[in-house]
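J.: Structure file query04.csv (CSV, C-alpha atoms) is given on the next line.
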chain,number,residue,atom,x,y,z
A,1,MET,CA,19.0,169.8,55.3
A,2,ASN,CA,19.6,172.5,52.7
A,3,GLU,CA,16.2,173.3,51.0
A,4,ASN,CA,17.6,174.0,47.5
A,5,LEU,CA,19.6,170.7,47.4
A,6,ALA,CA,16.6,168.8,48.9
A,7,ALA,CA,14.4,170.3,46.1
A,8,LEU,CA,16.9,169.1,43.5
A,9,SER,CA,16.9,165.7,45.0
A,10,GLU,CA,13.1,165.6,45.1
A,11,ALA,CA,13.1,166.5,41.4
A,12,GLY,CA,14.7,163.2,40.7
A,13,VAL,CA,18.4,164.2,40.6
A,14,ALA,CA,20.8,162.1,42.7
A,15,ILE,CA,23.5,164.4,44.1
A,16,TRP,CA,27.0,163.0,44.1
A,17,LEU,CA,30.1,164.7,45.4
A,18,ASP,CA,32.9,164.9,42.8
A,19,ASP,CA,35.7,164.7,45.4
A,20,LEU,CA,37.2,162.5,48.0
A,21,SER,CA,40.1,162.8,50.4
A,22,ARG,CA,41.3,161.2,53.7
A,23,GLY,CA,40.9,164.6,55.4
A,24,ARG,CA,37.2,164.8,54.3
A,25,LEU,CA,36.7,161.3,55.7
A,26,ARG,CA,38.6,161.7,58.9
A,27,THR,CA,36.8,165.0,59.9
A,28,GLY,CA,33.3,163.5,59.1
A,29,ASN,CA,32.8,166.1,56.4
A,30,LEU,CA,31.4,163.5,53.9
A,31,ASP,CA,28.9,162.3,56.5
A,32,GLN,CA,27.9,165.9,57.1
A,33,LEU,CA,27.3,166.4,53.4
A,34,ARG,CA,25.2,163.2,53.4
A,35,ARG,CA,23.1,164.5,56.3
A,36,GLN,CA,22.8,168.2,55.4
A,37,SER,CA,23.3,168.5,51.6
A,38,SER,CA,21.4,165.5,50.2
A,39,VAL,CA,24.7,163.9,49.0
A,40,VAL,CA,24.0,160.2,48.1
A,41,GLY,CA,27.2,159.3,46.2
A,42,VAL,CA,30.8,160.1,45.6
A,43,THR,CA,33.0,160.1,42.5
A,44,SER,CA,36.8,160.1,42.4
A,45,ASN,CA,39.4,160.2,39.6
A,46,PRO,CA,43.2,160.3,39.3
A,47,THR,CA,43.2,164.1,39.5
A,48,ILE,CA,41.3,164.1,42.7
A,49,PHE,CA,43.6,161.6,44.3
A,50,GLN,CA,46.7,163.3,43.2
A,51,LYS,CA,45.5,166.6,44.7
A,52,ALA,CA,44.5,164.8,48.0
A,53,LEU,CA,47.8,163.1,48.4
A,54,SER,CA,49.9,166.2,47.6
A,55,GLU,CA,48.2,168.3,50.3
A,56,GLY,CA,48.8,167.9,54.0
A,57,ASN,CA,49.9,164.9,56.0
A,58,GLU,CA,46.8,162.7,56.2
A,59,TYR,CA,48.5,159.9,54.3
A,60,ASP,CA,51.9,159.9,56.1
A,61,GLN,CA,51.3,157.1,58.5
A,62,GLN,CA,50.1,154.7,55.8
A,63,LEU,CA,52.9,155.7,53.5
A,64,GLU,CA,55.4,154.9,56.3
A,65,GLU,CA,53.9,151.5,56.8
A,66,LEU,CA,53.9,150.8,53.0
A,67,ALA,CA,57.5,151.8,52.8
A,68,ALA,CA,58.4,149.5,55.7
A,69,ARG,CA,56.7,146.6,53.8
A,70,GLY,CA,58.7,147.5,50.7
A,71,VAL,CA,55.8,147.6,48.3
A,72,SER,CA,56.0,148.9,44.8
A,73,VAL,CA,54.8,152.4,43.9
A,74,GLU,CA,51.9,151.0,41.9
A,75,GLU,CA,50.8,148.7,44.8
A,76,ALA,CA,51.1,151.6,47.2
A,77,VAL,CA,48.8,153.7,45.1
A,78,ARG,CA,46.3,150.9,45.0
A,79,GLU,CA,46.5,150.5,48.8
A,80,LEU,CA,46.1,154.3,49.4
A,81,THR,CA,43.2,154.8,47.1
A,82,THR,CA,41.2,151.7,47.9
A,83,TYR,CA,41.6,152.6,51.6
A,84,ASP,CA,39.8,155.9,51.0
A,85,ILE,CA,37.2,154.3,48.7
A,86,ARG,CA,36.4,151.6,51.3
A,87,TRP,CA,36.0,154.2,54.0
A,88,GLY,CA,33.7,156.3,51.7
A,89,CYS,CA,31.7,153.2,51.0
A,90,ASP,CA,31.2,152.6,54.8
A,91,VAL,CA,30.1,156.2,55.3
A,92,LEU,CA,27.5,155.8,52.6
A,93,ALA,CA,26.4,152.3,53.6
A,94,GLY,CA,23.2,153.6,55.2
A,95,THR,CA,22.3,155.4,52.0
A,96,PHE,CA,23.0,152.3,50.0
A,97,GLU,CA,20.6,150.3,52.2
A,98,GLU,CA,17.9,153.0,52.2
A,99,THR,CA,17.9,153.3,48.4
A,100,GLY,CA,18.0,149.6,47.8
A,101,GLY,CA,21.4,149.8,46.3
A,102,VAL,CA,20.6,152.5,43.8
A,103,ASP,CA,22.7,155.2,45.5
A,104,GLY,CA,25.2,155.3,48.3
A,105,ARG,CA,27.8,154.5,45.6
A,106,VAL,CA,31.5,155.4,45.6
A,107,SER,CA,33.5,155.3,42.4
A,108,LEU,CA,37.1,154.3,41.9
A,109,GLU,CA,38.8,154.6,38.5
A,110,VAL,CA,41.1,152.0,36.9
A,111,ASP,CA,44.6,153.1,36.1
A,112,PRO,CA,44.1,155.5,33.1
A,113,ARG,CA,47.2,154.2,31.4
A,114,LEU,CA,45.2,151.1,30.6
A,115,ALA,CA,42.5,153.1,28.7
A,116,HIS,CA,43.4,151.5,25.4
A,117,ASP,CA,44.1,148.0,26.8
A,118,THR,CA,40.9,146.0,27.0
A,119,MET,CA,42.2,142.9,28.9
A,120,ALA,CA,44.3,144.9,31.4
A,121,THR,CA,41.3,147.1,32.1
A,122,ILE,CA,39.1,144.1,32.8
A,123,ALA,CA,41.7,142.6,35.1
A,124,GLU,CA,42.2,145.8,36.9
A,125,ALA,CA,38.4,146.4,37.3
A,126,LYS,CA,38.0,143.0,38.9
A,127,ALA,CA,41.0,143.5,41.1
A,128,LEU,CA,39.9,146.9,42.4
A,129,SER,CA,36.4,145.6,43.1
A,130,TRP,CA,37.9,142.7,45.1
A,131,MET,CA,40.3,145.0,47.0
A,132,VAL,CA,37.6,147.4,48.1
A,133,ASP,CA,35.3,144.6,48.9
A,134,ARG,CA,32.2,146.6,49.5
A,135,PRO,CA,28.8,146.1,47.7
A,136,ASN,CA,28.5,149.9,47.0
A,137,VAL,CA,31.7,150.4,45.2
A,138,MET,CA,31.6,151.2,41.5
A,139,ILE,CA,34.6,150.8,39.2
A,140,LYS,CA,35.2,153.6,36.6
A,141,ILE,CA,36.1,152.5,33.1
A,142,PRO,CA,36.7,155.1,30.4
A,143,ALA,CA,34.4,155.0,27.3
A,144,THR,CA,37.3,154.5,24.9
A,145,GLN,CA,36.8,152.1,22.0
A,146,GLU,CA,38.9,149.6,23.9
A,147,GLY,CA,37.0,150.3,27.1
A,148,LEU,CA,33.6,149.3,25.6
A,149,PRO,CA,34.2,145.5,25.8
A,150,ALA,CA,35.8,145.9,29.2
A,151,ILE,CA,32.6,147.5,30.4
A,152,THR,CA,30.6,144.5,29.1
A,153,ALA,CA,33.0,142.0,30.7
A,154,ALA,CA,33.1,143.7,34.1
A,155,LEU,CA,29.3,143.9,34.3
A,156,ALA,CA,29.1,140.3,33.2
A,157,ALA,CA,31.3,139.4,36.1
A,158,GLY,CA,29.0,141.2,38.5
A,159,VAL,CA,31.1,144.4,38.9
A,160,SER,CA,29.1,147.6,39.1
A,161,VAL,CA,30.5,150.1,36.6
A,162,ASN,CA,30.7,153.9,36.3
A,163,VAL,CA,31.5,154.6,32.6
A,164,THR,CA,33.5,157.8,32.4
A,165,LEU,CA,34.7,160.2,29.8
A,166,ILE,CA,31.6,160.1,27.5
A,167,PHE,CA,31.4,163.2,25.3
A,168,SER,CA,29.5,162.2,22.1
A,169,LEU,CA,26.0,160.8,21.5
A,170,SER,CA,27.4,158.1,19.2
A,171,ARG,CA,29.8,156.9,21.9
A,172,TYR,CA,27.0,157.0,24.4
A,173,ARG,CA,24.9,154.7,22.3
A,174,GLU,CA,27.9,152.3,22.2
A,175,VAL,CA,28.2,152.5,26.0
A,176,ILE,CA,24.5,151.6,26.4
A,177,GLU,CA,25.0,148.7,24.0
A,178,SER,CA,27.9,147.5,26.2
A,179,PHE,CA,25.8,147.8,29.3
A,180,LEU,CA,22.9,145.8,27.8
A,181,SER,CA,25.2,143.1,26.6
A,182,GLY,CA,27.0,142.9,29.9
A,183,MET,CA,23.7,142.7,31.9
A,184,GLU,CA,22.4,140.0,29.5
A,185,MET,CA,25.6,138.0,30.1
A,186,ALA,CA,25.4,138.5,33.8
A,187,ARG,CA,21.8,137.2,33.8
A,188,ASN,CA,22.9,134.2,31.8
A,189,ALA,CA,25.7,133.6,34.3
A,190,GLY,CA,23.2,133.5,37.2
A,191,HIS,CA,24.1,136.9,38.8
A,192,ASP,CA,21.5,138.8,40.7
A,193,LEU,CA,21.0,141.8,38.4
A,194,SER,CA,19.5,143.9,41.2
A,195,GLU,CA,23.0,143.9,42.8
A,196,ILE,CA,24.7,145.3,39.7
A,197,THR,CA,24.5,149.0,39.0
A,198,SER,CA,25.9,151.3,36.3
A,199,VAL,CA,26.0,155.0,35.4
A,200,ALA,CA,27.1,156.6,32.2
A,201,SER,CA,29.1,159.8,32.9
A,202,PHE,CA,28.4,162.3,30.3
A,203,PHE,CA,30.9,165.3,30.5
A,204,VAL,CA,29.4,168.7,30.2
A,205,SER,CA,31.4,171.9,30.8
A,206,ARG,CA,34.4,170.7,28.7
A,207,VAL,CA,32.1,170.5,25.7
A,208,ASP,CA,31.2,174.2,26.0
A,209,ALA,CA,34.8,175.2,26.7
A,210,GLU,CA,36.0,173.6,23.4
A,211,VAL,CA,32.9,174.7,21.3
A,212,ASP,CA,33.0,178.2,22.6
A,213,ASP,CA,36.6,178.5,21.7
A,214,ARG,CA,35.8,177.5,18.1
A,215,LEU,CA,32.9,179.9,18.0
A,216,ASP,CA,35.2,182.7,19.1
A,217,LYS,CA,37.5,181.9,16.2
A,218,ILE,CA,34.6,182.0,13.7
A,219,GLY,CA,33.9,185.4,15.2
A,220,THR,CA,30.5,186.2,13.7
A,221,ALA,CA,27.4,187.4,15.6
A,222,GLU,CA,25.7,184.2,14.7
A,223,ALA,CA,28.6,182.2,16.2
A,224,SER,CA,28.6,184.3,19.4
A,225,ALA,CA,24.8,183.7,19.9
A,226,LEU,CA,25.5,180.0,20.1
A,227,LYS,CA,28.0,180.2,22.9
A,228,GLY,CA,27.2,178.3,26.1
A,229,GLN,CA,24.5,176.1,24.4
A,230,ALA,CA,26.4,173.1,23.1
A,231,ALA,CA,27.0,171.2,26.3
A,232,VAL,CA,23.4,171.3,27.6
A,233,ALA,CA,22.0,170.5,24.2
A,234,ASN,CA,24.3,167.5,23.9
A,235,ALA,CA,23.4,166.2,27.4
A,236,ARG,CA,19.7,166.7,26.8
A,237,LEU,CA,19.9,164.6,23.6
A,238,ALA,CA,21.7,162.0,25.6
A,239,TYR,CA,18.8,161.9,28.1
A,240,GLN,CA,16.4,161.4,25.1
A,241,THR,CA,18.5,158.4,24.1
A,242,TYR,CA,18.3,157.1,27.6
A,243,GLU,CA,14.5,157.4,27.7
A,244,GLU,CA,14.2,155.6,24.3
A,245,VAL,CA,16.5,152.7,25.2
A,246,PHE,CA,15.2,152.0,28.7
A,247,SER,CA,11.6,151.8,27.4
A,248,SER,CA,12.5,149.4,24.6
A,249,ALA,CA,11.6,145.8,24.1
A,250,ARG,CA,15.2,144.7,24.6
A,251,TRP,CA,15.4,146.3,28.0
A,252,GLN,CA,12.1,144.8,29.4
A,253,PRO,CA,13.4,141.2,30.0
A,254,LEU,CA,16.4,142.6,31.9
A,255,ALA,CA,14.1,144.9,34.0
A,256,ASP,CA,11.9,141.8,34.7
A,257,ALA,CA,15.0,140.1,36.0
A,258,GLY,CA,15.7,142.9,38.4
A,259,ALA,CA,18.1,145.1,36.4
A,260,ARG,CA,18.0,148.8,36.9
A,261,PRO,CA,18.6,151.3,34.1
A,262,GLN,CA,22.1,152.7,33.5
A,263,ARG,CA,21.5,156.2,34.8
A,264,PRO,CA,23.0,159.2,32.9
A,265,LEU,CA,25.4,161.1,35.1
A,266,TRP,CA,26.3,164.7,34.4
A,267,ALA,CA,30.0,165.1,35.1
A,268,SER,CA,32.3,168.1,34.8
A,269,THR,CA,29.5,170.4,36.0
A,270,GLY,CA,31.7,173.1,37.5
A,271,VAL,CA,31.3,176.2,35.2
A,272,LYS,CA,34.6,177.1,33.5
A,273,ASN,CA,33.4,180.4,31.9
A,274,PRO,CA,32.9,183.1,34.6
A,275,ASP,CA,30.4,184.8,32.3
A,276,TYR,CA,28.0,181.9,32.9
A,277,ARG,CA,25.7,181.4,35.9
A,278,ASP,CA,27.7,179.2,38.3
A,279,VAL,CA,24.9,176.7,38.7
A,280,PHE,CA,24.1,176.6,35.0
A,281,TYR,CA,24.9,172.9,34.5
A,282,ILE,CA,22.8,171.9,37.5
A,283,GLU,CA,19.6,174.0,36.8
A,284,ASP,CA,19.5,173.2,33.1
A,285,LEU,CA,19.9,169.4,33.5
A,286,ILE,CA,17.2,168.4,35.8
A,287,ALA,CA,15.1,165.3,35.1
A,288,PRO,CA,14.0,162.1,36.9
A,289,GLY,CA,16.5,159.3,37.2
A,290,CYS,CA,19.8,161.1,36.5
A,291,VAL,CA,22.8,161.8,38.6
A,292,ASN,CA,24.7,165.1,38.9
A,293,THR,CA,28.2,164.8,40.4
A,294,MET,CA,29.4,168.2,41.6
A,295,PRO,CA,32.5,169.8,43.0
A,296,GLU,CA,31.8,171.1,46.5
A,297,SER,CA,32.0,174.7,45.3
A,298,THR,CA,29.3,174.1,42.8
A,299,MET,CA,27.2,172.3,45.4
A,300,GLU,CA,27.6,175.2,47.8
A,301,ALA,CA,26.6,177.7,45.1
A,302,PHE,CA,23.4,175.7,44.3
A,303,ALA,CA,22.7,175.5,48.0
A,304,ASP,CA,22.9,179.2,48.2
A,305,HIS,CA,21.0,180.4,45.1
A,306,GLY,CA,20.1,177.4,42.9
A,307,GLU,CA,16.6,176.8,41.6
A,308,ALA,CA,15.2,173.3,41.0
A,309,PRO,CA,12.1,173.2,38.8
A,310,THR,CA,10.8,169.8,38.2
A,311,ASP,CA,12.2,169.1,34.8
A,312,THR,CA,14.4,171.2,32.5
A,313,ILE,CA,15.3,168.4,30.0
A,314,THR,CA,12.5,166.4,28.5
A,315,GLY,CA,10.5,169.2,27.0
A,316,ASN,CA,13.5,170.6,25.2
A,317,TYR,CA,14.6,167.9,22.7
A,318,ASP,CA,13.7,169.9,19.6
A,319,ASP,CA,15.5,173.0,20.8
A,320,ALA,CA,18.5,170.9,21.7
A,321,GLN,CA,18.6,169.4,18.2
A,322,ALA,CA,18.3,172.8,16.7
A,323,VAL,CA,21.3,174.0,18.6
A,324,MET,CA,23.4,171.0,17.3
A,325,ASP,CA,22.2,171.7,13.8
A,326,SER,CA,23.1,175.3,14.0
A,327,LEU,CA,26.6,174.5,15.2
A,328,SER,CA,27.0,172.2,12.3
A,329,ASP,CA,25.7,174.8,9.9
A,330,ILE,CA,28.1,177.4,11.1
A,331,GLY,CA,31.1,175.1,10.8
A,332,VAL,CA,31.6,173.5,14.2
A,333,ASP,CA,32.3,169.8,13.7
A,334,ILE,CA,30.9,168.3,16.9
A,335,ASP,CA,32.3,164.9,16.2
A,336,ASP,CA,35.8,166.4,16.0
A,337,VAL,CA,35.1,168.3,19.2
A,338,THR,CA,34.1,165.1,21.1
A,339,SER,CA,36.9,163.0,19.7
A,340,LEU,CA,39.4,165.6,20.8
A,341,LEU,CA,37.9,165.8,24.3
A,342,GLU,CA,38.0,162.1,24.8
A,343,THR,CA,41.7,162.1,23.8
A,344,GLN,CA,42.5,165.0,26.1
A,345,GLY,CA,40.4,163.5,28.9
A,346,VAL,CA,42.5,160.3,28.9
A,347,GLU,CA,45.7,162.3,28.6
A,348,LYS,CA,44.8,164.5,31.5
A,349,PHE,CA,44.1,161.6,33.8
A,350,ILE,CA,47.3,159.9,32.8
A,351,ALA,CA,49.2,163.0,33.6
A,352,SER,CA,47.6,163.2,37.0
A,353,TRP,CA,48.2,159.5,37.6
A,354,ASN,CA,51.9,160.0,36.7
A,355,GLU,CA,52.1,162.9,39.2
A,356,LEU,CA,50.4,160.7,41.8
A,357,LEU,CA,53.0,157.9,41.2
A,358,ALA,CA,55.8,160.4,41.4
A,359,ASP,CA,54.5,161.8,44.7
A,360,VAL,CA,54.0,158.4,46.2
A,361,LYS,CA,57.5,157.3,45.0
A,362,SER,CA,59.1,160.3,46.7
A,363,ALA,CA,57.1,159.7,49.9
A,364,LEU,CA,58.1,156.0,50.0
A,365,GLU,CA,61.8,156.9,49.5
A,366,LYS,CA,61.7,159.3,52.5
Show me this structure written as structure tokens.
T.:
Amino acid sequence: MNENLAALSEAGVAIWLDDLSRGRLRTGNLDQLRRQSSVVGVTSNPTIFQKALSEGNEYDQQLEELAARGVSVEEAVRELTTYDIRWGCDVLAGTFEETGGVDGRVSLEVDPRLAHDTMATIAEAKALSWMVDRPNVMIKIPATQEGLPAITAALAAGVSVNVTLIFSLSRYREVIESFLSGMEMARNAGHDLSEITSVASFFVSRVDAEVDDRLDKIGTAEASALKGQAAVANARLAYQTYEEVFSSARWQPLADAGARPQRPLWASTGVKNPDYRDVFYIEDLIAPGCVNTMPESTMEAFADHGEAPTDTITGNYDDAQAVMDSLSDIGVDIDDVTSLLETQGVEKFIASWNELLADVKSALEK
């Protein structure tokens, strides 16, 4: 077991791998990461699947069988992706049992083209959960305005949810409200709340990329001094909100009924600016009860030279707010930044999904 990653885990951070492919599953690499790198979960997204299916021949046999059955392109994509997710769930089944269902989770995203269609998202979330048919699957629903009621409905139906594409503190508060409402409805419907789990995926590096670009355009020394600070400050304030909500009077009855808090998950943690330390978004976002989903390259970097002090979040709320205030004072509209990033995030996943559909269509036609 790698000492640096083990120390990060001991500090309270659940390490999830931000990648999944048939090759990784077939070779036993995911199980190796579970045993040697403290990996206790996996996330996927349309971009990850598009990349996996476009490389190598791991999916050829299943594609041939799907073509022989004459399935549609959309149904083929569901069959291919749920197969990998199901396999991943089986690899992490032991972790799921050992952690009492907290970890050992594997996330599958709904078709991103449905991001602004509430009813279709609800139906797709239920269908994907049924198709995977594993207790440790999580269905990813984007935190768009239309996604919020879908989050509530999915949880109310007993589906575990990974809420993705969260960028702003205001949207995060709406996500938590959707979670609480969904869990209250699930309790009233007689579901065992201990079997329903949720995480809120707060994106990190994309915030710095956009804010830093705006700071460069401002061009002053004061602006330059603020580069590389927005994303961590934003995430730390999100964790402050998490602490406040999950110690509130509203939360306690749900906790008494067996519910677990909706953990904050740090996503997009690969550093995009080569001037920054490559484990920046790992080291500066350590606190109990959170998840960090990492690309394998970032995980390897932390395994090599990362440092894991016990907590780099909870004592820094005032400093984080000061950063956000300074950005506002200098002319960076953080609400505009996060709104743009949400739009771009959905568009990027739709583009990847369309590429995935095109690749599968071409393979089926062969």
J.: Env of A:Leu92: 8 Å cut, atoms = all atoms listed in the file, seq-sep filter 4 positions within chain, self excluded. Answer as a short mmCIF file (atom, residue, chain, number, x, y, z; two decimals) with C-alpha atoms, in the frame of the given file.
T.:
data_model
loop_
_atom_site.label_atom_id
_atom_site.label_comp_id
_atom_site.auth_asym_id
_atom_site.auth_seq_id
_atom_site.Cartn_x
_atom_site.Cartn_y
_atom_site.Cartn_z
CA ASP A 31 28.90 162.30 56.50
CA ARG A 34 25.20 163.20 53.40
CA VAL A 40 24.00 160.20 48.10
CA GLY A 41 27.20 159.30 46.20
CA GLY A 88 33.70 156.30 51.70
CA PHE A 96 23.00 152.30 50.00
CA GLY A 104 25.20 155.30 48.30
CA ARG A 105 27.80 154.50 45.60
#
J.: Contacts of stretch 61-75 of chain A at 9 Å or less, counting all atoms listed in the file, minus same-chain residues fewer than 2 places along, as a list of chain:residue names?
T.: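 Near neighbours after the sequence-gap exclusion: A:Asn57, A:Glu58, A:Tyr59, A:Val77, A:Arg78, A:Glu79, A:Leu80, A:Leu357, A:Ala358, A:Val360, A:Lys361, A:Ala363, A:Leu364, A:Glu365, A:Lys366.
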J.: I need the residues from that last selection saved to file as an mmCIF file, keeping the file's coordinate frame (with C-alpha atoms), if you can.
T.:
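Result file result05.cif:
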data_model
loop_
_atom_site.group_PDB
_atom_site.id
_atom_site.type_symbol
_atom_site.label_atom_id
_atom_site.label_comp_id
_atom_site.auth_asym_id
_atom_site.auth_seq_id
_atom_site.Cartn_x
_atom_site.Cartn_y
_atom_site.Cartn_z
ATOM 1 C CA ASN A 57 49.900 164.900 56.000
ATOM 2 C CA GLU A 58 46.800 162.700 56.200
ATOM 3 C CA TYR A 59 48.500 159.900 54.300
ATOM 4 C CA VAL A 77 48.800 153.700 45.100
ATOM 5 C CA ARG A 78 46.300 150.900 45.000
ATOM 6 C CA GLU A 79 46.500 150.500 48.800
ATOM 7 C CA LEU A 80 46.100 154.300 49.400
ATOM 8 C CA LEU A 357 53.000 157.900 41.200
ATOM 9 C CA ALA A 358 55.800 160.400 41.400
ATOM 10 C CA VAL A 360 54.000 158.400 46.200
ATOM 11 C CA LYS A 361 57.500 157.300 45.000
ATOM 12 C CA ALA A 363 57.100 159.700 49.900
ATOM 13 C CA LEU A 364 58.100 156.000 50.000
ATOM 14 C CA GLU A 365 61.800 156.900 49.500
ATOM 15 C CA LYS A 366 61.700 159.300 52.500
#
J.: Using only C-alpha atoms, which of A:Asp284, A:Glu174, A:Pro253, A:Gln262 sits nearest A:Gly228?
T.: A:Asp284
J.: Sorted by chain and rising residue number, which residues of stretch 312-355 of chain A lie within 10 Å of stretch 42-46 of chain A, and what are their closest atom pairs and distances in Å to one decimal, counting only C-alpha atoms, as a tab-separated table?
T.:
residue	atom	partner	partner_atom	distance
A:Lys348	CA	A:Pro46	CA	9.0
A:Phe349	CA	A:Pro46	CA	5.7
A:Ile350	CA	A:Pro46	CA	7.7
A:Ala351	CA	A:Pro46	CA	8.7
A:Ser352	CA	A:Pro46	CA	5.7
A:Trp353	CA	A:Pro46	CA	5.3
A:Asn354	CA	A:Pro46	CA	9.1
A:Glu355	CA	A:Pro46	CA	9.3
J.: Using all atoms listed in the file, which of the listed residues (A:Ile166, A:Ala322, A:Ile286, A:Ala301) sits closest to A:Ser268?
T.: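 With all atoms listed in the file as the atom set, the closest residue is A:Ile166.
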J.: Nearest to A:Asn316 among A:Thr197, A:Asn234, A:Ser178, A:Gln36, with distances taken over only C-alpha atoms: which residue is it?
T.: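 So, comparing all the options, the nearest one is A:Asn234.
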J.: Skip A:Thr121 itself and residues of its chain fewer than 6 positions away, then list as a list in words all residues within 8 Å of it, counting only C-alpha atoms.
T.: Val110, Asp111, Leu114, Ala115, Ile141, Gly147 and Ala150 of chain A
J.: Would you write out those residues with C-alpha atoms, as a PDB file, keeping the file's coordinate frame?
T.:
ATOM      1  CA  VAL A 110      41.100 152.000  36.900  1.00  0.00           C
ATOM      2  CA  ASP A 111      44.600 153.100  36.100  1.00  0.00           C
ATOM      3  CA  LEU A 114      45.200 151.100  30.600  1.00  0.00           C
ATOM      4  CA  ALA A 115      42.500 153.100  28.700  1.00  0.00           C
ATOM      5  CA  ILE A 141      36.100 152.500  33.100  1.00  0.00           C
ATOM      6  CA  GLY A 147      37.000 150.300  27.100  1.00  0.00           C
ATOM      7  CA  ALA A 150      35.800 145.900  29.200  1.00  0.00           C
TER       8      ALA A 150
END
J.: I'd like to know which of A:Leu215, A:Tyr242, A:Ser168, A:Pro295 is closest to A:Leu20, using only C-alpha atoms.
T.: A:Pro295
J.: Measuring atom to atom with only C-alpha atoms, identify which of A:Val204, A:Ala186, A:Leu53, A:Met119 is nearest to A:Trp266.
T.: A:Val204
J.: A:Lys227, A:Arg236, A:Arg260, A:His305: which is nearest A:Leu327, counting all atoms listed in the file?
T.: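 Using all atoms listed in the file, the shortest distance to A:Leu327 belongs to A:Lys227.
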J.: Hey, what's within 10 Å of A:Glu283 if we count all atoms listed in the file and toss same-chain stuff fewer than 4 positions away? As JSON, numbers by chain, please?
T.: {"A": [8, 277, 278, 279, 287, 302, 306, 307, 308, 309, 310, 311, 312, 313]}
J.: Residues near A:Thr338, anyone? I mean within 8 Å using all atoms listed in the file, not counting same-chain ones fewer than 4 positions away, as a list of chain:residue names.
T.: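 My reading of the contact set: A:Phe167, A:Ser168, A:Val207, A:Ile334, A:Glu342.
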J.: Rebuild N, CA and C atoms on stretch 239-250 of chain A, as a tab-separated table (two decimals), in the coordinates of the input?
T.:
chain	number	residue	atom	x	y	z
A	239	TYR	N	19.93	162.31	27.21
A	239	TYR	CA	18.80	161.90	28.10
A	239	TYR	C	17.68	161.34	27.20
A	240	GLN	N	17.46	161.95	26.06
A	240	GLN	CA	16.40	161.40	25.10
A	240	GLN	C	16.76	160.01	24.72
A	241	THR	N	18.03	159.77	24.42
A	241	THR	CA	18.50	158.40	24.10
A	241	THR	C	18.24	157.46	25.24
A	242	TYR	N	18.56	157.90	26.43
A	242	TYR	CA	18.30	157.10	27.60
A	242	TYR	C	16.86	156.72	27.77
A	243	GLU	N	15.97	157.67	27.57
A	243	GLU	CA	14.50	157.40	27.70
A	243	GLU	C	14.10	156.35	26.62
A	244	GLU	N	14.62	156.50	25.41
A	244	GLU	CA	14.20	155.60	24.30
A	244	GLU	C	14.70	154.16	24.61
A	245	VAL	N	15.96	154.02	25.01
A	245	VAL	CA	16.50	152.70	25.20
A	245	VAL	C	15.88	151.96	26.37
A	246	PHE	N	15.66	152.69	27.46
A	246	PHE	CA	15.20	152.00	28.70
A	246	PHE	C	13.65	151.98	28.74
A	247	SER	N	13.03	152.13	27.57
A	247	SER	CA	11.60	151.80	27.40
A	247	SER	C	11.43	150.85	26.25
A	248	SER	N	12.54	150.25	25.81
A	248	SER	CA	12.50	149.40	24.60
A	248	SER	C	12.20	147.95	24.95
A	249	ALA	N	11.90	147.21	23.91
A	249	ALA	CA	11.60	145.80	24.10
A	249	ALA	C	12.81	145.01	24.55
A	250	ARG	N	13.99	145.41	24.14
A	250	ARG	CA	15.20	144.70	24.60
A	250	ARG	C	15.42	144.86	26.07
